[in-house]
Every structure is written in C-alpha cells, then in structure tokens.
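Student: Quick one: the structure is below, and I'll ask about it shortly.
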Amino acid sequence: MGILAGKHILVTGVLTDASLAFAVAKLAQQEGAEVVLSGAGRGLSLTRRTARKLPQEADVLEIDVTEPEQLAAAGAELARRWDRLDGLLHAIGFAPPECLGVDMFAAGWDEVAVALEVSAYSLKALAEAFLPQLEAAGAGGGASIVGLDFDARVAWPLYNWMGVAKAALESLTRYLARDLGPKGVRVNLVAAGPVRTMAAKSIPRFSDFEDTWATRAPLGWDVHDANVVARACVALMSDWFPMTTGELVHVDGGVHAMGA
Ligand code: NAP
C-alpha cells in the first residue's frame, strides 16, 4: 500500500510534464492518492493536456491565484467532490521580466507587487479557499500544505525580486504553520535545486545556477530530475512527518550546507 493511500490531494502548478508539480502529481497517484490539478489562464488548456499524461487522468480546476472568484468557485467545487483535503501543493511562481536580471532597480512597485502576490501571498489565498476541507482532514488525523521554494535565506545573482518573493513565502509558511497547527494542518516548504522547467526558462542565465550546483553539491545534482523533489513533497504530505510544520526542507544535493 502506498504512503498516500486514500488521500485527497490538490496539485497546483502543473503546466507541462517537466513541471515540478507534474512529478508530484504522478508520484502521489503512484502512492495511492486521488489527485485533482489546477491550472490558470492561458496555460489552462496545456494543464488539461498534461493531465492526460498522468498514470490516471486527473480533473483540472481553473485557479488563477489572483482571481478571488476563481478561488471561491474552486473551493465550492472541491467541497462537492471531497469531504476533506489531505494535501495541497503550492507550485506557483511568477515575476515580470523587470524583476529578474542584472539590475535590482529595474522593477517598480507595480511589477514587484505582481511577483509578491502570485509567488507568496497566493499561499495564503489557496489555504483560505480550501480551509474547511483542510480543517476536516486536520481533525481526522492531519492535513499537509507543501510549497516549492528556492532557498531565499541568501541573495543569488539575477534572482532579485523573485528571491524577495520567496523570502516572503518562507516567512508566510511559518505564520500559517502557527495559525493552522491548532487545526491539524501542517505547512512546509521544499527548497529545490535548479530543475529545467518552463519557469526556469524565464530566469536569465539559469545555466549559472546549474554551474553552481555542478560544482558545489556534495551529492551531485541532475537538473532534469524532478522526482527527487517530488519524493520530499509526497513524504511531507504523508503520515510520516506528523510533527513537522513551519519547516524548510532542502532538496538541493546539499548546496545549502556548503560554505564554498
Ligand atoms: P512551471 O512548470 O512553469 O510551473 C509554474 C506554475 O506557476 C505554472 O503552472 C504557472 O501556470 C503557475 N502560475 C503562474 N502564475 C499563476 C497564477 N496567477 N495563478 C495560478 N498559477 C500560476 O515551473 P516550476 O519550476 O515547476 O515551478 C513550480 C514552483 O517551483 C515555483 O514556485 C518555482 O519558483 C519553484 N521552484 C522551481 C525551481 C526550478 O529550478 N525549476 C527551483 C526551486 C523552486 P501558467 O504558466 O499557466 O500561469
């Protein structure tokens, strides 16, 4: 029996089969979960096509995290389907091009606000939309929210306002862990090393990150392997981390622990 047997899991952020979230959805199904995906905007049709590539085709809800009506409608739809939500994957990030690159001063508040809303505030927006079902799972043994992070405790070249948004996501994770813990809902992040996805392609000189990982990861690192990240996410959604919340789990080959 799989470690997610009988669990209901909502996976956001599946765009292509290279998406980190696709690897999570696939592994969650293989571990026995019933999975629903969400997609947004122009990517929605691509998410629907990608959903057919899973071991069992998954239904797709429309959720642009900046649209409160869509969040409310998705919450109502999920409540019709499931009496509880055991796991929620937040795999959403976006920043306008001005927010990334050589010039930290290129972005104004309008661009930065988009990055913060989509990449950080959205964790609260999603948790809120599904809170009744998460609380139902929390009362019955535990619910788990897992988000995807790029370690924001330090400054990186070029990552700029996306790094600031990830730092906000890390802080928000701790505050949500504080408030949702008494309801039996855990909130954790997985800080992944660089993996070649659509979002990665929009990061200028992404290959610089790949070079850093090639030289600094004591365990080594494969930029094509999303499965190592998925394993940590699935483990955190399982019953095997019942007392872990507000945590940042690094799945980066050990880079975060090296000084040089
Ligand atoms: P991806 O496949 O491009 O996934 C990013 C997802 O975010 C897409 O499905 C995208 O959908 C969605 N998204 C963007 N704006 C949205 C909005 N307003 N509402 C709802 N969804 C929205 O790339 P990925 O690399 O797997 O990214 C998933 C997460 O992992 C992100 O948080 C990213 O920062 C994080 N991460 C990635 C890496 C890496 O190296 N790839 C490393 C560490 C952490 P649309 O395109 O349809 O808008």
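Labels for the structure tokens follow display order: chains A, B, ..., residues from 1 in each chain, ligands from 1.
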Can you list, as an NGL selection string, every protein, DNA or RNA residue that comes within 10 Å of Ala257 of chain A when you count only C-alpha atoms, leaving out same-chain residues fewer than 3 positions away?

Tutor: :A and (216-218 or 250 or 252-254 or 260)

Student: Set the cut-off to 6 Å, count only C-alpha atoms and all ligand atoms, and list whatever residues fall near ligand 1 as an MDAnalysis selection string.

Tutor: chainID A and resid 13:16 19:21 39:44 63:66 91:94 118 148:150 191:200

Student: Smallest atom-to-atom distance to Ala51 of chain A: which of A:Phe206, A:Phe105, A:Trp221, A:Phe22, using only C-alpha atoms?

Tutor: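 Ranked by minimum distance to Ala51 of chain A, first place goes to A:Phe22.
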
Student: Counting only C-alpha atoms, which residue out of A:Glu135, A:Asp59, A:Glu170, A:Glu128 sits closest to Asp151 of chain A?

Tutor: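 Answer, going by the shortest atom-to-atom distance: A:Glu170.
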
Student: Looking only at the backbone, which of the residues in segment 92-229 of chain A does DSSP tag as helix (DSSP H, G or I), as number ranges by chain?

Tutor: A: 97-99, 109-129, 131-139, 160-183, 198-201, 206-216, 227-229

Student: Could you pull the residues within 10 Å of Leu172 of chain A, counting only C-alpha atoms, minus those fewer than 2 positions along the same chain, as an mmCIF file with C-alpha atoms, in the first residue's frame?

Tutor:
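Dumped everything to out.cif:
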```cif
data_model
loop_
_atom_site.group_PDB
_atom_site.id
_atom_site.type_symbol
_atom_site.label_atom_id
_atom_site.label_comp_id
_atom_site.auth_asym_id
_atom_site.auth_seq_id
_atom_site.Cartn_x
_atom_site.Cartn_y
_atom_site.Cartn_z
ATOM 1 C CA ALA A 120 3.943 34.458 -1.957
ATOM 2 C CA TYR A 121 0.511 35.861 -0.990
ATOM 3 C CA LEU A 123 -0.108 30.543 -0.390
ATOM 4 C CA LYS A 124 -2.494 32.296 1.991
ATOM 5 C CA LYS A 166 10.483 33.538 -1.942
ATOM 6 C CA ALA A 167 11.697 35.083 1.324
ATOM 7 C CA ALA A 168 8.125 36.291 1.894
ATOM 8 C CA LEU A 169 6.868 32.775 1.101
ATOM 9 C CA GLU A 170 9.265 31.330 3.689
ATOM 10 C CA ARG A 174 5.946 29.979 9.435
ATOM 11 C CA TYR A 175 2.968 32.266 10.179
ATOM 12 C CA LEU A 176 0.492 29.869 8.547
ATOM 13 C CA ALA A 177 2.093 26.983 10.446
ATOM 14 C CA ARG A 178 1.458 28.952 13.649
ATOM 15 C CA VAL A 187 2.609 23.935 6.381
ATOM 16 C CA GLY A 246 6.901 25.653 9.538
#
```

Student: Quick one, how far is atom CA of Val255 of chain A from atom CA of Val228 of chain A?

Tutor: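 About the pair atom CA of Val255 of chain A and atom CA of Val228 of chain A: they are 14.7 Å apart.
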
Student: Give me, please, the distance in Å between atom CA of Arg186 of chain A and atom CA of Leu236 of chain A, quoted to one decimal.

Tutor: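 Taking atom CA of Arg186 of chain A and atom CA of Leu236 of chain A, their separation equals 8.9 Å.
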
Student: If we count only C-alpha atoms and set the cut-off at 12 Å, which residues sit around Arg52 of chain A, ignoring sequence neighbours fewer than 4 positions away in its own chain? Please answer as a list in words.

Tutor: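 Here the qualifying residues turn out to be Val14, Leu15, Thr16, Asp17, Phe22, Ala25, Lys26, Val36, Leu37, Ser45, Leu46, Thr47, Arg48, Gln56, Glu57, Ala58, Asp59 and Val60 of chain A.
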
Student: Just to be explicit: take each residue in the selection above, keep N, CA, C and O atoms, and write the result as an mmCIF file, in the first residue's frame.

Tutor:
```cif
data_model
loop_
_atom_site.group_PDB
_atom_site.id
_atom_site.type_symbol
_atom_site.label_atom_id
_atom_site.label_comp_id
_atom_site.auth_asym_id
_atom_site.auth_seq_id
_atom_site.Cartn_x
_atom_site.Cartn_y
_atom_site.Cartn_z
ATOM 1 N N VAL A 14 0.824 22.537 -12.374
ATOM 2 C CA VAL A 14 1.211 21.612 -13.454
ATOM 3 C C VAL A 14 0.990 22.338 -14.773
ATOM 4 O O VAL A 14 -0.136 22.688 -15.112
ATOM 5 N N LEU A 15 2.068 22.583 -15.496
ATOM 6 C CA LEU A 15 1.937 23.207 -16.813
ATOM 7 C C LEU A 15 2.311 22.163 -17.879
ATOM 8 O O LEU A 15 1.495 21.819 -18.721
ATOM 9 N N THR A 16 3.532 21.664 -17.796
ATOM 10 C CA THR A 16 3.983 20.616 -18.721
ATOM 11 C C THR A 16 4.429 19.403 -17.903
ATOM 12 O O THR A 16 4.460 19.459 -16.675
ATOM 13 N N ASP A 17 4.832 18.349 -18.614
ATOM 14 C CA ASP A 17 5.307 17.191 -17.852
ATOM 15 C C ASP A 17 6.718 17.408 -17.301
ATOM 16 O O ASP A 17 7.261 16.546 -16.609
ATOM 17 N N PHE A 22 4.111 18.284 -11.806
ATOM 18 C CA PHE A 22 3.717 17.068 -12.516
ATOM 19 C C PHE A 22 4.351 15.850 -11.847
ATOM 20 O O PHE A 22 3.686 14.820 -11.647
ATOM 21 N N ALA A 25 2.365 15.136 -8.733
ATOM 22 C CA ALA A 25 1.052 14.533 -9.013
ATOM 23 C C ALA A 25 1.208 13.061 -9.410
ATOM 24 O O ALA A 25 0.457 12.188 -8.950
ATOM 25 N N LYS A 26 2.209 12.784 -10.239
ATOM 26 C CA LYS A 26 2.438 11.406 -10.711
ATOM 27 C C LYS A 26 2.800 10.483 -9.534
ATOM 28 O O LYS A 26 2.206 9.409 -9.357
ATOM 29 N N VAL A 36 -6.428 15.885 -7.883
ATOM 30 C CA VAL A 36 -7.036 16.883 -8.768
ATOM 31 C C VAL A 36 -5.986 17.957 -9.010
ATOM 32 O O VAL A 36 -5.223 18.301 -8.100
ATOM 33 N N LEU A 37 -5.926 18.460 -10.254
ATOM 34 C CA LEU A 37 -4.962 19.512 -10.589
ATOM 35 C C LEU A 37 -5.667 20.855 -10.687
ATOM 36 O O LEU A 37 -6.889 20.922 -10.821
ATOM 37 N N SER A 45 -5.338 25.194 -20.855
ATOM 38 C CA SER A 45 -5.515 24.108 -21.829
ATOM 39 C C SER A 45 -4.287 23.194 -21.840
ATOM 40 O O SER A 45 -4.405 21.981 -22.034
ATOM 41 N N LEU A 46 -3.114 23.804 -21.609
ATOM 42 C CA LEU A 46 -1.892 22.988 -21.539
ATOM 43 C C LEU A 46 -1.938 22.086 -20.301
ATOM 44 O O LEU A 46 -1.566 20.900 -20.369
ATOM 45 N N THR A 47 -2.430 22.626 -19.182
ATOM 46 C CA THR A 47 -2.559 21.801 -17.970
ATOM 47 C C THR A 47 -3.494 20.621 -18.249
ATOM 48 O O THR A 47 -3.214 19.486 -17.844
ATOM 49 N N ARG A 48 -4.616 20.873 -18.967
ATOM 50 C CA ARG A 48 -5.576 19.787 -19.272
ATOM 51 C C ARG A 48 -4.908 18.712 -20.116
ATOM 52 O O ARG A 48 -5.109 17.520 -19.886
ATOM 53 N N GLN A 56 -3.233 8.086 -14.018
ATOM 54 C CA GLN A 56 -4.687 8.207 -14.170
ATOM 55 C C GLN A 56 -4.990 9.663 -14.514
ATOM 56 O O GLN A 56 -4.566 10.561 -13.765
ATOM 57 N N GLU A 57 -5.707 9.879 -15.612
ATOM 58 C CA GLU A 57 -6.018 11.263 -15.985
ATOM 59 C C GLU A 57 -6.694 11.982 -14.812
ATOM 60 O O GLU A 57 -7.616 11.432 -14.195
ATOM 61 N N ALA A 58 -6.218 13.191 -14.517
ATOM 62 C CA ALA A 58 -6.784 13.936 -13.380
ATOM 63 C C ALA A 58 -7.676 15.068 -13.881
ATOM 64 O O ALA A 58 -7.421 15.638 -14.943
ATOM 65 N N ASP A 59 -8.725 15.382 -13.118
ATOM 66 C CA ASP A 59 -9.552 16.544 -13.422
ATOM 67 C C ASP A 59 -8.772 17.814 -13.116
ATOM 68 O O ASP A 59 -7.871 17.816 -12.259
ATOM 69 N N VAL A 60 -9.142 18.891 -13.805
ATOM 70 C CA VAL A 60 -8.420 20.159 -13.652
ATOM 71 C C VAL A 60 -9.396 21.266 -13.268
ATOM 72 O O VAL A 60 -10.392 21.499 -13.962
#
```

Student: Write down as a PyMOL selection string the residues of segment 78-137 of chain A whose backbone DSSP state falls under strand (DSSP E or B).

Tutor: chain A and resi 87-90

Student: What does the distance from atom CA of Lys201 of chain A to atom CA of Leu189 of chain A come to in Å, to one decimal?

Tutor: 22.0 Å

Student: Counting only C-alpha atoms, figure out which residue out of A:Leu126, A:Met258, A:Ala95, A:Ala79 gets nearest to Thr215 of chain A.

Tutor: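 Distance minimum relative to Thr215 of chain A lands on A:Met258.
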